[in-house]
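This is input.cif. It holds mmCIF, C-alpha atoms.
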```cif
data_protein
loop_
_atom_site.label_atom_id
_atom_site.label_comp_id
_atom_site.auth_asym_id
_atom_site.auth_seq_id
_atom_site.Cartn_x
_atom_site.Cartn_y
_atom_site.Cartn_z
CA MET B 25 7.22 -114.04 -83.45
CA LEU B 26 10.69 -112.94 -82.32
CA LEU B 27 13.04 -114.24 -85.00
CA ILE B 28 16.60 -113.02 -85.37
CA CYS B 29 17.36 -113.33 -89.07
CA SER B 30 20.74 -114.26 -90.52
CA VAL B 31 20.76 -111.15 -92.69
CA GLY B 32 20.70 -107.51 -91.80
CA ALA B 33 23.34 -108.11 -89.09
CA ALA B 34 23.59 -105.08 -86.80
CA ALA B 35 19.91 -104.13 -87.19
CA GLN B 36 18.89 -107.53 -85.88
CA ALA B 37 21.05 -107.58 -82.74
CA GLN B 38 19.07 -108.12 -79.55
CA ARG B 39 20.16 -107.74 -75.94
CA TRP B 40 18.72 -109.22 -72.78
CA GLN B 41 19.64 -107.67 -69.43
CA CYS B 42 19.61 -109.18 -65.95
CA GLY B 43 19.25 -107.25 -62.71
CA ALA B 44 17.54 -104.02 -61.76
CA ARG B 45 19.68 -101.73 -63.89
CA HIS B 46 17.94 -100.92 -67.15
CA HIS B 47 19.92 -100.39 -70.32
CA ALA B 48 18.31 -98.71 -73.32
CA GLY B 49 17.23 -101.22 -75.95
CA ALA B 50 17.62 -104.25 -73.67
CA THR B 51 14.88 -106.69 -72.72
CA MET B 52 14.82 -107.23 -68.97
CA LEU B 53 15.20 -110.75 -67.62
CA THR B 54 14.07 -112.04 -64.23
CA PRO B 55 14.07 -115.61 -62.90
CA ALA B 56 10.44 -115.76 -64.08
CA THR B 57 11.20 -114.97 -67.75
CA HIS B 58 10.62 -118.27 -69.55
CA TYR B 59 11.24 -119.32 -73.16
CA SER B 60 8.35 -119.96 -75.54
CA ALA B 61 8.22 -120.54 -79.28
CA ASP B 62 8.12 -116.77 -79.88
CA THR B 63 9.79 -115.36 -76.75
CA ALA B 64 13.35 -115.66 -75.47
CA GLY B 65 13.91 -116.67 -71.87
CA TRP B 66 15.07 -119.34 -69.43
CA ASP B 67 14.57 -122.84 -70.77
CA LEU B 68 14.53 -126.60 -70.10
CA GLY B 69 12.99 -126.10 -66.67
CA MET B 70 16.22 -124.64 -65.27
CA ALA B 71 16.31 -120.93 -64.47
CA PRO B 72 18.60 -118.85 -62.26
CA GLN B 73 17.33 -118.54 -58.69
CA HIS B 74 18.65 -115.07 -57.96
CA ASP B 75 18.13 -111.68 -59.55
CA ASP B 76 20.32 -109.08 -57.84
CA ALA B 77 21.17 -105.51 -58.77
CA SER B 78 23.27 -106.54 -61.75
CA SER B 79 22.92 -110.24 -62.64
CA CYS B 80 21.00 -113.49 -62.75
CA SER B 81 22.79 -116.29 -60.91
CA SER B 82 22.46 -119.74 -59.40
CA ASP B 83 23.73 -121.52 -56.31
CA SER B 84 22.65 -124.96 -57.49
CA GLY B 85 24.14 -125.62 -60.91
CA SER B 86 23.25 -124.98 -64.53
CA PHE B 87 20.59 -122.73 -65.96
CA PHE B 88 19.59 -122.40 -69.63
CA PHE B 89 18.63 -119.50 -71.88
CA SER B 90 17.07 -119.90 -75.35
CA ALA B 91 16.09 -117.49 -78.12
CA PRO B 92 14.15 -118.39 -81.29
CA VAL B 93 16.40 -117.75 -84.30
CA ALA B 94 16.73 -118.64 -87.96
CA GLU B 95 19.42 -121.00 -89.25
CA GLY B 96 22.83 -119.36 -89.40
CA ASN B 97 25.88 -118.24 -87.44
CA TYR B 98 25.40 -115.92 -84.46
CA LEU B 99 27.86 -113.76 -82.58
CA VAL B 100 27.01 -114.05 -78.89
CA THR B 101 28.30 -111.53 -76.35
CA VAL B 102 27.89 -112.37 -72.66
CA VAL B 103 28.75 -110.15 -69.70
CA LEU B 104 29.49 -112.53 -66.84
CA GLY B 105 29.73 -111.90 -63.08
CA GLY B 106 27.54 -110.94 -60.15
CA GLU B 107 27.53 -110.06 -56.47
CA ALA B 108 29.52 -113.16 -55.50
CA ARG B 109 32.72 -114.52 -57.00
CA SER B 110 31.95 -116.95 -59.82
CA GLN B 111 33.56 -119.38 -62.21
CA VAL B 112 31.40 -119.68 -65.33
CA THR B 113 31.41 -122.27 -68.09
CA VAL B 114 29.18 -121.60 -71.10
CA LYS B 115 27.93 -124.29 -73.47
CA ALA B 116 25.69 -123.88 -76.51
CA GLU B 117 23.14 -126.09 -78.23
CA ALA B 118 23.88 -129.78 -77.50
CA ARG B 119 26.76 -129.31 -74.99
CA ARG B 120 29.13 -127.47 -77.33
CA LEU B 121 31.78 -125.93 -75.11
CA MET B 122 32.10 -122.19 -75.75
CA LEU B 123 33.81 -120.81 -72.64
CA LYS B 124 35.64 -122.92 -70.06
CA ARG B 125 35.85 -121.88 -66.41
CA VAL B 126 35.90 -118.09 -66.69
CA ASP B 127 36.82 -116.59 -63.31
CA VAL B 128 35.03 -113.38 -62.29
CA GLY B 129 35.55 -111.62 -58.97
CA ALA B 130 32.74 -110.52 -56.67
CA ARG B 131 30.91 -107.44 -58.00
CA LYS B 132 33.10 -107.57 -61.11
CA HIS B 133 32.23 -108.33 -64.71
CA ARG B 134 33.90 -109.90 -67.72
CA THR B 135 32.79 -109.67 -71.34
CA GLU B 136 33.29 -112.66 -73.64
CA GLN B 137 32.28 -113.41 -77.24
CA PHE B 138 31.86 -116.55 -79.34
CA VAL B 139 30.01 -117.69 -82.47
CA VAL B 140 27.24 -120.30 -82.34
CA ASN B 141 26.11 -122.19 -85.44
CA VAL B 142 22.37 -122.94 -85.53
CA ARG B 143 21.06 -125.43 -88.07
CA ARG B 144 17.92 -127.17 -89.32
CA PRO B 145 17.57 -130.58 -91.01
CA GLN B 146 15.98 -129.01 -94.10
CA PHE B 147 18.01 -127.74 -97.04
CA THR B 148 17.84 -127.09 -100.77
CA ASP B 149 20.34 -128.96 -102.93
CA ASN B 150 22.06 -127.82 -106.13
CA THR B 151 19.01 -128.81 -108.17
CA SER B 152 16.81 -126.47 -106.08
CA ALA B 153 15.00 -129.51 -104.71
CA ALA B 154 13.90 -129.47 -101.07
CA SER B 155 15.50 -132.15 -98.94
CA SER B 156 16.26 -132.99 -95.31
CA VAL B 157 18.89 -134.75 -93.24
CA ARG B 158 17.66 -138.20 -92.19
CA LEU B 159 17.90 -137.82 -88.44
CA LYS B 160 18.43 -140.79 -86.16
CA PRO B 161 15.89 -141.33 -83.35
CA ARG B 162 18.32 -139.88 -80.79
CA GLU B 163 18.53 -136.67 -82.83
CA ILE B 164 14.78 -136.02 -82.86
CA GLY B 165 14.25 -133.06 -80.54
CA SER B 166 17.99 -132.50 -80.15
CA LEU B 167 19.13 -128.98 -79.30
CA ASP B 168 21.40 -129.24 -82.36
CA TRP B 169 18.46 -129.43 -84.77
CA ASP B 170 15.73 -127.23 -83.25
CA GLU B 171 14.48 -123.70 -83.91
CA LYS B 172 16.31 -121.88 -81.15
CA LEU B 173 19.77 -120.94 -79.94
CA THR B 174 20.33 -122.37 -76.45
CA LEU B 175 23.00 -121.40 -73.93
CA GLU B 176 23.89 -123.21 -70.72
CA PHE B 177 25.54 -121.32 -67.84
CA ALA B 178 27.27 -123.68 -65.42
CA GLY B 179 30.03 -123.80 -62.84
CA ASP B 180 30.63 -122.34 -59.40
CA HIS B 181 27.89 -119.78 -58.72
CA PRO B 182 27.40 -119.00 -62.45
CA ALA B 183 26.17 -115.46 -63.05
CA VAL B 184 25.33 -113.48 -66.17
CA GLN B 185 24.58 -109.78 -66.49
CA SER B 186 23.60 -109.56 -70.15
CA ILE B 187 23.30 -111.64 -73.31
CA THR B 188 23.50 -110.17 -76.82
CA ILE B 189 22.78 -112.26 -79.91
CA GLU B 190 23.33 -110.93 -83.42
CA PRO B 191 24.07 -112.48 -86.82
CA ALA B 192 27.78 -113.09 -87.23
CA PRO B 193 29.50 -110.55 -89.51
CA THR B 194 29.33 -111.27 -93.23
CA GLY B 195 32.34 -113.31 -94.26
CA THR B 196 32.78 -115.10 -90.95
CA PRO B 197 34.29 -118.47 -92.00
CA THR B 198 32.70 -121.72 -90.90
CA VAL B 199 34.45 -124.99 -90.06
CA TYR B 200 32.16 -127.86 -91.07
CA ILE B 201 32.97 -131.15 -89.36
CA ALA B 202 32.01 -134.60 -90.68
CA GLY B 203 32.60 -137.68 -88.55
CA ASP B 204 31.27 -140.27 -86.11
CA SER B 205 30.58 -140.69 -82.37
CA THR B 206 34.16 -139.79 -81.43
CA VAL B 207 33.64 -136.38 -83.07
CA THR B 208 29.95 -135.48 -82.64
CA ASP B 209 28.21 -133.23 -80.11
CA GLN B 210 27.38 -135.86 -77.49
CA ASP B 211 24.32 -134.30 -75.89
CA ARG B 212 24.29 -136.42 -72.71
CA GLU B 213 26.76 -137.01 -69.90
CA PRO B 214 29.10 -138.79 -69.39
CA TRP B 215 29.86 -139.09 -73.12
CA ALA B 216 31.85 -136.45 -75.01
CA ALA B 217 33.77 -136.03 -78.27
CA TRP B 218 36.42 -133.68 -79.59
CA GLY B 219 34.15 -131.80 -82.00
CA GLU B 220 32.01 -130.40 -79.18
CA MET B 221 35.11 -129.14 -77.34
CA LEU B 222 36.64 -127.40 -80.35
CA PRO B 223 34.59 -124.14 -80.21
CA ALA B 224 36.13 -123.16 -76.85
CA LEU B 225 39.60 -123.29 -78.40
CA PHE B 226 38.69 -120.83 -81.15
CA GLY B 227 38.01 -117.11 -80.93
CA PRO B 228 34.89 -115.17 -81.96
CA LYS B 229 35.86 -114.67 -85.62
CA ILE B 230 35.00 -118.19 -86.79
CA ALA B 231 32.08 -120.61 -86.49
CA ILE B 232 32.23 -124.36 -85.81
CA ALA B 233 29.42 -126.38 -87.43
CA ASN B 234 29.80 -129.93 -86.13
CA HIS B 235 27.64 -132.20 -88.30
CA ALA B 236 29.29 -135.43 -87.06
CA GLU B 237 26.93 -138.10 -85.72
CA SER B 238 27.21 -141.40 -83.90
CA GLY B 239 27.39 -144.55 -86.02
CA GLU B 240 28.39 -142.83 -89.25
CA THR B 241 30.73 -144.07 -91.96
CA ILE B 242 32.01 -141.88 -94.75
CA LYS B 243 29.42 -143.53 -97.01
CA SER B 244 26.41 -143.35 -94.68
CA PHE B 245 27.19 -139.68 -94.09
CA ALA B 246 26.14 -139.11 -97.68
CA GLY B 247 23.25 -141.58 -97.61
CA GLU B 248 21.69 -139.80 -94.65
CA ARG B 249 22.13 -136.52 -96.54
CA ARG B 250 24.62 -135.07 -94.08
CA PHE B 251 27.24 -134.34 -96.72
CA PRO B 252 24.58 -132.86 -99.05
CA LYS B 253 23.45 -130.60 -96.18
CA ILE B 254 27.03 -129.38 -95.67
CA PHE B 255 27.60 -128.81 -99.39
CA SER B 256 24.34 -126.86 -99.65
CA GLN B 257 25.87 -124.29 -97.27
CA ILE B 258 29.67 -124.38 -97.50
CA GLN B 259 31.18 -121.30 -99.14
CA ALA B 260 34.49 -119.88 -100.28
CA GLY B 261 36.76 -119.38 -97.29
CA ASP B 262 35.13 -122.13 -95.22
CA PHE B 263 36.76 -125.38 -94.06
CA LEU B 264 35.71 -129.04 -94.12
CA MET B 265 37.25 -131.37 -91.52
CA MET B 266 36.64 -135.11 -91.95
CA GLN B 267 37.37 -137.98 -89.56
CA PHE B 268 36.00 -141.46 -90.24
CA GLY B 269 37.23 -145.02 -89.76
CA HIS B 270 35.82 -146.45 -86.53
CA ASN B 271 32.60 -147.68 -88.14
CA ASP B 272 33.87 -148.02 -91.73
CA GLN B 273 36.11 -150.94 -90.75
CA LYS B 274 33.42 -153.04 -89.07
CA PRO B 275 32.22 -156.21 -90.83
CA GLY B 276 28.63 -156.14 -92.02
CA LYS B 277 26.48 -154.08 -94.33
CA GLY B 278 28.13 -150.84 -93.19
CA TYR B 279 31.66 -151.97 -94.06
CA ILE B 280 33.61 -149.62 -96.34
CA SER B 281 36.66 -151.14 -98.00
CA PRO B 282 39.92 -149.17 -97.79
CA GLU B 283 39.75 -148.62 -101.56
CA GLU B 284 36.22 -147.16 -101.44
CA TYR B 285 37.15 -145.18 -98.33
CA ALA B 286 40.03 -143.58 -100.25
CA ASP B 287 37.82 -142.84 -103.27
CA LEU B 288 35.22 -141.15 -101.07
CA LEU B 289 37.86 -139.04 -99.32
CA ARG B 290 39.02 -137.87 -102.75
CA ARG B 291 35.44 -137.11 -103.76
CA TYR B 292 34.74 -134.85 -100.77
CA ILE B 293 38.11 -133.16 -101.05
CA ASP B 294 37.28 -132.28 -104.64
CA LEU B 295 33.76 -131.12 -103.77
CA ALA B 296 35.10 -128.84 -101.03
CA ARG B 297 37.69 -127.36 -103.36
CA ALA B 298 35.04 -126.82 -106.02
CA LYS B 299 33.36 -124.52 -103.48
CA ASP B 300 36.70 -122.76 -102.79
CA ALA B 301 36.64 -124.26 -99.29
CA THR B 302 39.65 -125.88 -97.62
CA PRO B 303 39.50 -129.63 -96.86
CA ILE B 304 41.33 -130.99 -93.80
CA LEU B 305 41.68 -134.72 -93.05
CA VAL B 306 41.90 -136.18 -89.55
CA THR B 307 43.13 -139.72 -88.92
CA PRO B 308 40.86 -141.64 -86.49
CA MET B 309 42.18 -141.71 -82.93
CA ASN B 310 43.23 -145.01 -81.37
CA ARG B 311 41.08 -147.08 -79.11
CA ARG B 312 42.39 -147.74 -75.61
CA THR B 313 44.06 -151.10 -76.39
CA PHE B 314 47.46 -151.71 -74.76
CA ASP B 315 49.86 -154.59 -75.31
CA ALA B 316 51.91 -156.30 -72.58
CA ASN B 317 54.66 -153.68 -72.92
CA GLY B 318 52.39 -150.71 -72.33
CA HIS B 319 52.11 -149.68 -75.98
CA ILE B 320 48.92 -149.01 -77.92
CA THR B 321 47.98 -151.69 -80.43
CA ASP B 322 46.67 -150.60 -83.83
CA THR B 323 43.02 -151.67 -84.18
CA LEU B 324 42.18 -149.28 -87.04
CA ALA B 325 44.60 -150.37 -89.78
CA PRO B 326 44.72 -149.65 -92.65
CA TYR B 327 42.36 -146.64 -92.44
CA PRO B 328 44.71 -144.10 -90.78
CA ASP B 329 47.35 -144.87 -93.39
CA VAL B 330 44.79 -144.46 -96.17
CA VAL B 331 44.04 -140.96 -94.85
CA ARG B 332 47.74 -140.09 -94.80
CA LYS B 333 48.28 -141.37 -98.35
CA VAL B 334 45.24 -139.54 -99.76
CA GLY B 335 46.37 -136.39 -97.97
CA ASP B 336 49.79 -136.62 -99.60
CA GLU B 337 48.31 -137.40 -102.98
CA LYS B 338 45.81 -134.52 -102.89
CA HIS B 339 48.08 -132.07 -101.03
CA VAL B 340 45.63 -131.76 -98.16
CA THR B 341 46.46 -130.98 -94.53
CA VAL B 342 46.34 -134.16 -92.44
CA ILE B 343 45.95 -133.94 -88.67
CA ASP B 344 47.41 -137.22 -87.42
CA LEU B 345 45.15 -137.75 -84.42
CA ASN B 346 45.89 -141.45 -84.64
CA ALA B 347 49.57 -140.86 -83.88
CA MET B 348 48.94 -138.11 -81.31
CA SER B 349 46.36 -140.19 -79.43
CA ARG B 350 48.88 -143.04 -79.16
CA THR B 351 51.38 -140.62 -77.64
CA LEU B 352 48.74 -139.23 -75.29
CA TYR B 353 47.51 -142.62 -74.01
CA GLU B 354 51.00 -143.99 -73.52
CA ALA B 355 52.12 -140.82 -71.72
CA ILE B 356 49.29 -141.25 -69.21
CA GLY B 357 49.79 -145.02 -68.96
CA GLU B 358 47.48 -148.00 -69.29
CA ALA B 359 45.75 -147.72 -65.90
CA ASN B 360 45.49 -143.94 -65.72
CA SER B 361 44.35 -143.62 -69.33
CA ARG B 362 40.92 -144.74 -68.17
CA SER B 363 40.54 -141.15 -66.98
CA LEU B 364 40.11 -140.13 -70.65
CA PHE B 365 37.30 -142.60 -71.35
CA VAL B 366 33.86 -143.42 -69.99
CA TYR B 367 34.64 -145.60 -66.99
CA ALA B 368 32.33 -145.42 -63.99
CA ALA B 369 31.31 -147.69 -61.13
CA ALA B 370 27.65 -148.66 -60.88
CA ASN B 371 25.36 -145.92 -59.54
CA THR B 372 27.78 -143.11 -60.45
CA TYR B 373 25.05 -141.56 -62.61
CA PRO B 374 21.23 -141.53 -62.34
CA GLU B 375 19.62 -144.89 -63.22
CA GLN B 376 23.04 -146.46 -63.91
CA THR B 377 22.81 -149.91 -62.33
CA GLU B 378 25.86 -151.41 -64.04
CA ALA B 379 29.47 -150.27 -64.33
CA LEU B 380 30.50 -148.43 -67.49
CA HIS B 381 33.74 -149.29 -69.24
CA ASP B 382 34.26 -148.04 -72.77
CA ASP B 383 37.64 -147.93 -74.52
CA THR B 384 36.39 -146.03 -77.59
CA HIS B 385 34.25 -143.16 -76.29
CA PHE B 386 35.51 -140.28 -74.21
CA ASN B 387 34.44 -138.28 -71.22
CA SER B 388 34.82 -134.49 -71.20
CA TYR B 389 38.45 -134.62 -70.08
CA GLY B 390 39.44 -137.05 -72.85
CA ALA B 391 37.48 -135.11 -75.47
CA TRP B 392 39.21 -131.88 -74.41
CA GLU B 393 42.67 -133.45 -74.68
CA LEU B 394 41.88 -134.76 -78.17
CA ALA B 395 40.55 -131.36 -79.25
CA ARG B 396 43.85 -129.87 -78.11
CA CYS B 397 45.63 -132.48 -80.23
CA VAL B 398 43.57 -131.34 -83.22
CA THR B 399 44.59 -127.71 -82.68
CA LEU B 400 48.22 -128.81 -82.34
CA GLY B 401 47.92 -130.56 -85.71
CA LEU B 402 46.62 -127.33 -87.27
CA GLN B 403 49.57 -125.42 -85.85
CA GLN B 404 52.11 -128.00 -86.98
CA ALA B 405 50.66 -127.93 -90.51
CA HIS B 406 50.64 -124.11 -90.58
CA SER B 407 46.96 -124.30 -91.49
CA PRO B 408 45.28 -120.93 -92.09
CA LEU B 409 42.70 -122.13 -89.58
CA ALA B 410 45.28 -121.88 -86.77
CA LYS B 411 45.18 -118.08 -86.78
CA TYR B 412 41.61 -118.20 -85.43
CA LEU B 413 42.61 -120.00 -82.21
CA ARG B 414 41.95 -118.13 -78.96
CA LYS B 415 45.57 -118.71 -77.97
CA PRO B 416 47.39 -119.15 -81.30
CA HIS B 417 50.84 -119.18 -79.69
CA GLU B 418 49.99 -121.78 -77.03
CA ARG B 419 50.85 -125.36 -78.04
CA PHE B 420 49.63 -128.58 -76.53
CA ASP B 421 52.12 -131.37 -75.88
CA PRO B 422 50.52 -134.86 -75.91
CA HIS B 423 53.63 -136.16 -74.12
CA HIS B 424 52.60 -133.97 -71.18
CA PRO B 425 48.79 -133.92 -71.00
CA ASP B 426 46.77 -131.57 -68.81
CA ALA B 427 46.09 -132.61 -65.24
CA THR B 428 42.46 -133.67 -64.82
CA ASP B 429 41.77 -131.04 -62.14
CA ARG B 430 42.87 -128.29 -64.54
CA ILE B 431 40.07 -129.23 -66.93
CA ALA B 432 37.11 -130.36 -64.77
CA ILE B 433 34.39 -129.14 -67.14
CA PRO B 434 31.11 -128.80 -65.19
CA PRO B 435 28.68 -131.52 -66.27
CA THR B 436 25.43 -130.76 -68.05
CA PRO B 437 22.50 -132.11 -65.97
CA PHE B 438 21.33 -134.60 -68.63
CA TYR B 439 22.52 -138.22 -68.54
CA ASP B 440 22.29 -141.33 -70.67
CA THR B 441 24.20 -144.47 -69.73
CA GLN B 442 23.48 -146.18 -73.05
CA LYS B 443 26.55 -146.41 -75.27
CA PRO B 444 26.45 -144.09 -78.31
CA TYR B 445 25.04 -145.72 -81.42
CA GLU B 446 27.52 -147.76 -83.46
CA ARG B 447 27.20 -149.85 -86.59
#
```
Please re-express this file's structure in structure tokens.
Amino acid sequence: MLLICSVGAAAQAQRWQCGARHHAGATMLTPATHYSADTAGWDLGMAPQHDDASSCSSDSGSFFFSAPVAEGNYLVTVVLGGEARSQVTVKAEARRLMLKRVDVGARKHRTEQFVVNVRRPQFTDNTSAASSVRLKPREIGSLDWDEKLTLEFAGDHPAVQSITIEPAPTGTPTVYIAGDSTVTDQDREPWAAWGEMLPALFGPKIAIANHAESGETIKSFAGERRFPKIFSQIQAGDFLMMQFGHNDQKPGKGYISPEEYADLLRRYIDLARAKDATPILVTPMNRRTFDANGHITDTLAPYPDVVRKVGDEKHVTVIDLNAMSRTLYEAIGEANSRSLFVYAAANTYPEQTEALHDDTHFNSYGAWELARCVTLGLQQAHSPLAKYLRKPHERFDPHHPDATDRIAIPPTPFYDTQKPYER
């Protein structure tokens, strides 16, 4: 079985080559090279249609490549471009954005790198006992929890010349993310969240491990063994970002009082520091709720303020996404702010018979803008994490958001019109 291990770095690097030109040590790929449990290849029933002298490419949308690997962080190097001009977007695992709209001229090439985190539900806790994350039904079979590393190539005539996968260098820091549906890797269109956009904003010297999941509270994240999974892996030099509040505040058996919420924030801050990792708190972003004067109403109180107070008390960086999202929504305006969220007329997507209108969950454009707010918060706080950004000197201004046509992330060809799970 082909299995790239997470140790032995350079010796375990493997390269796959498209086109007729053979490179020593590379495995040749053709449109007929398909993935199996022990062989890397095109996956999910979507392969490139064309194999020219230098690349594999498609005229009709996305194609997927998977390689069986062990759990760990992997440095991926892709050489993009083919006979025709292309604009390539690369996603990994469950729609994690890695590269956004890379332009490559006809018969040109461009080399890009990024780090992909691959994980399993199983782990060993600090008592050496075997355990496992309690996955929700929607996570069973998810590309985030399987035994392979999957890449999606999308865009305008996407083309790839070679793919190299190798264990990330020893000491590569990892950003672990804990949160809910507004943070998670939403694996189906049209839903999206800021955590799945974050990798594209960072360079190839850091890994993003987004463990957030729909419906979670800060308490259920421990009960489903998601925090224990993170703390079984987090190491000195890593980071832990936490954003909760949307589900914690809801009446019912999942309700977390502000006092318990604060205590749990303190607990996970202390646990991260005990591992010599750096905790970072994120206030939950606002829902799209405007008053008669065009201002956002606060539907999350007192949870954002609890985060701020705990951050001050524990001397932890706080990214105030609650405040920045208010600025962002109001800058766009009540009517136009729908462009950030999942709003769609009936029959916009396959098997969607009713209109979608959701003022909590984001589409790809909204998720991207929030991810940019998160990176702005890191820069404003002078967080050591900011130095890993792809463009560390570029700053987002939520008063002047990106135009929608500047973002336009190509959709992944998997859809689900059911609202993400909530408590």
Hey, could you make a per-residue contact list for region 186-256 of chain B against region 167-173 of chain B with 12 Å as the cut-off, showing the nearest pair of atoms and its distance in Å to one decimal, counting only C-alpha atoms, sorted by chain and number, as JSON lines?
```
{"residue": "B:Ile187", "atom": "CA", "partner": "B:Leu173", "partner_atom": "CA", "distance": 12.0}
{"residue": "B:Thr188", "atom": "CA", "partner": "B:Leu173", "partner_atom": "CA", "distance": 11.8}
{"residue": "B:Ile189", "atom": "CA", "partner": "B:Leu173", "partner_atom": "CA", "distance": 9.2}
{"residue": "B:Glu190", "atom": "CA", "partner": "B:Leu173", "partner_atom": "CA", "distance": 11.2}
{"residue": "B:Pro191", "atom": "CA", "partner": "B:Leu173", "partner_atom": "CA", "distance": 11.7}
{"residue": "B:Thr208", "atom": "CA", "partner": "B:Asp168", "partner_atom": "CA", "distance": 10.6}
{"residue": "B:Asp209", "atom": "CA", "partner": "B:Asp168", "partner_atom": "CA", "distance": 8.2}
{"residue": "B:Gln210", "atom": "CA", "partner": "B:Asp168", "partner_atom": "CA", "distance": 10.2}
{"residue": "B:Asp211", "atom": "CA", "partner": "B:Leu167", "partner_atom": "CA", "distance": 8.2}
{"residue": "B:Arg212", "atom": "CA", "partner": "B:Leu167", "partner_atom": "CA", "distance": 11.2}
{"residue": "B:Glu220", "atom": "CA", "partner": "B:Asp168", "partner_atom": "CA", "distance": 11.1}
{"residue": "B:Ala233", "atom": "CA", "partner": "B:Asp168", "partner_atom": "CA", "distance": 9.9}
{"residue": "B:Asn234", "atom": "CA", "partner": "B:Asp168", "partner_atom": "CA", "distance": 9.2}
{"residue": "B:His235", "atom": "CA", "partner": "B:Asp168", "partner_atom": "CA", "distance": 9.1}
{"residue": "B:Ala236", "atom": "CA", "partner": "B:Asp168", "partner_atom": "CA", "distance": 11.1}
{"residue": "B:Glu237", "atom": "CA", "partner": "B:Asp168", "partner_atom": "CA", "distance": 11.0}
```
Those selected residues, please, written with C-alpha atoms and delivered as a short mmCIF file (atom, residue, chain, number, x, y, z; two decimals), keeping the file's coordinate frame.
```cif
data_model
loop_
_atom_site.label_atom_id
_atom_site.label_comp_id
_atom_site.auth_asym_id
_atom_site.auth_seq_id
_atom_site.Cartn_x
_atom_site.Cartn_y
_atom_site.Cartn_z
CA ILE B 187 23.30 -111.64 -73.31
CA THR B 188 23.50 -110.17 -76.82
CA ILE B 189 22.78 -112.26 -79.91
CA GLU B 190 23.33 -110.93 -83.42
CA PRO B 191 24.07 -112.48 -86.82
CA THR B 208 29.95 -135.48 -82.64
CA ASP B 209 28.21 -133.23 -80.11
CA GLN B 210 27.38 -135.86 -77.49
CA ASP B 211 24.32 -134.30 -75.89
CA ARG B 212 24.29 -136.42 -72.71
CA GLU B 220 32.01 -130.40 -79.18
CA ALA B 233 29.42 -126.38 -87.43
CA ASN B 234 29.80 -129.93 -86.13
CA HIS B 235 27.64 -132.20 -88.30
CA ALA B 236 29.29 -135.43 -87.06
CA GLU B 237 26.93 -138.10 -85.72
#
```
Open item on the list: Counting only C-alpha atoms, find residues at most 8 Å from (10.7, -122.3, -68.1) (file frame) and give them as a VMD selection string.
Closed with: chain B and resid 56 to 59 65 to 71
Open item on the list: I'd like to see the residues matched by the PyMOL selection byres ((chain B and resi 426-428) around 12) on this file, and ideally I'd get them as a ChimeraX atom specification.
Closed with: /B:352,355-356,360-364,387-394,396-397,419-425,429-433
Open item on the list: Just want the 8 Å neighbourhood of Lys299 (chain B), counted on only C-alpha atoms, with same-chain residues fewer than 2 positions away dropped. Output as a PyMOL selection string.
Closed with: chain B and resi 258-260+295-297+301
Task: Nearest candidate to Ala405 (chain B) (options B:Gln41, B:Thr341, B:Thr377, B:Ser205; using all atoms listed in the file) - done: B:Thr341
Open item on the list: If we count all atoms listed in the file and set the cut-off at 8 Å, which residues sit around Pro282 (chain B), ignoring sequence neighbours fewer than 5 positions away in its own chain? Please answer as number ranges by chain.
Closed with: B: 326-327, 330
Task: Residues selected by the PyMOL selection byres ((chain B and resi 344) around 12), written as a ChimeraX atom specification - done: /B:266-267,304-310,327-333,335,341-343,345-351,394,397-402,404-405
Open item on the list: Using the chain letters and numbers from this file, what does the PyMOL selection byres ((chain B and resi 114) around 6) select? Give the answer as number ranges by chain.
Closed with: B: 113, 115, 122-123, 176-177
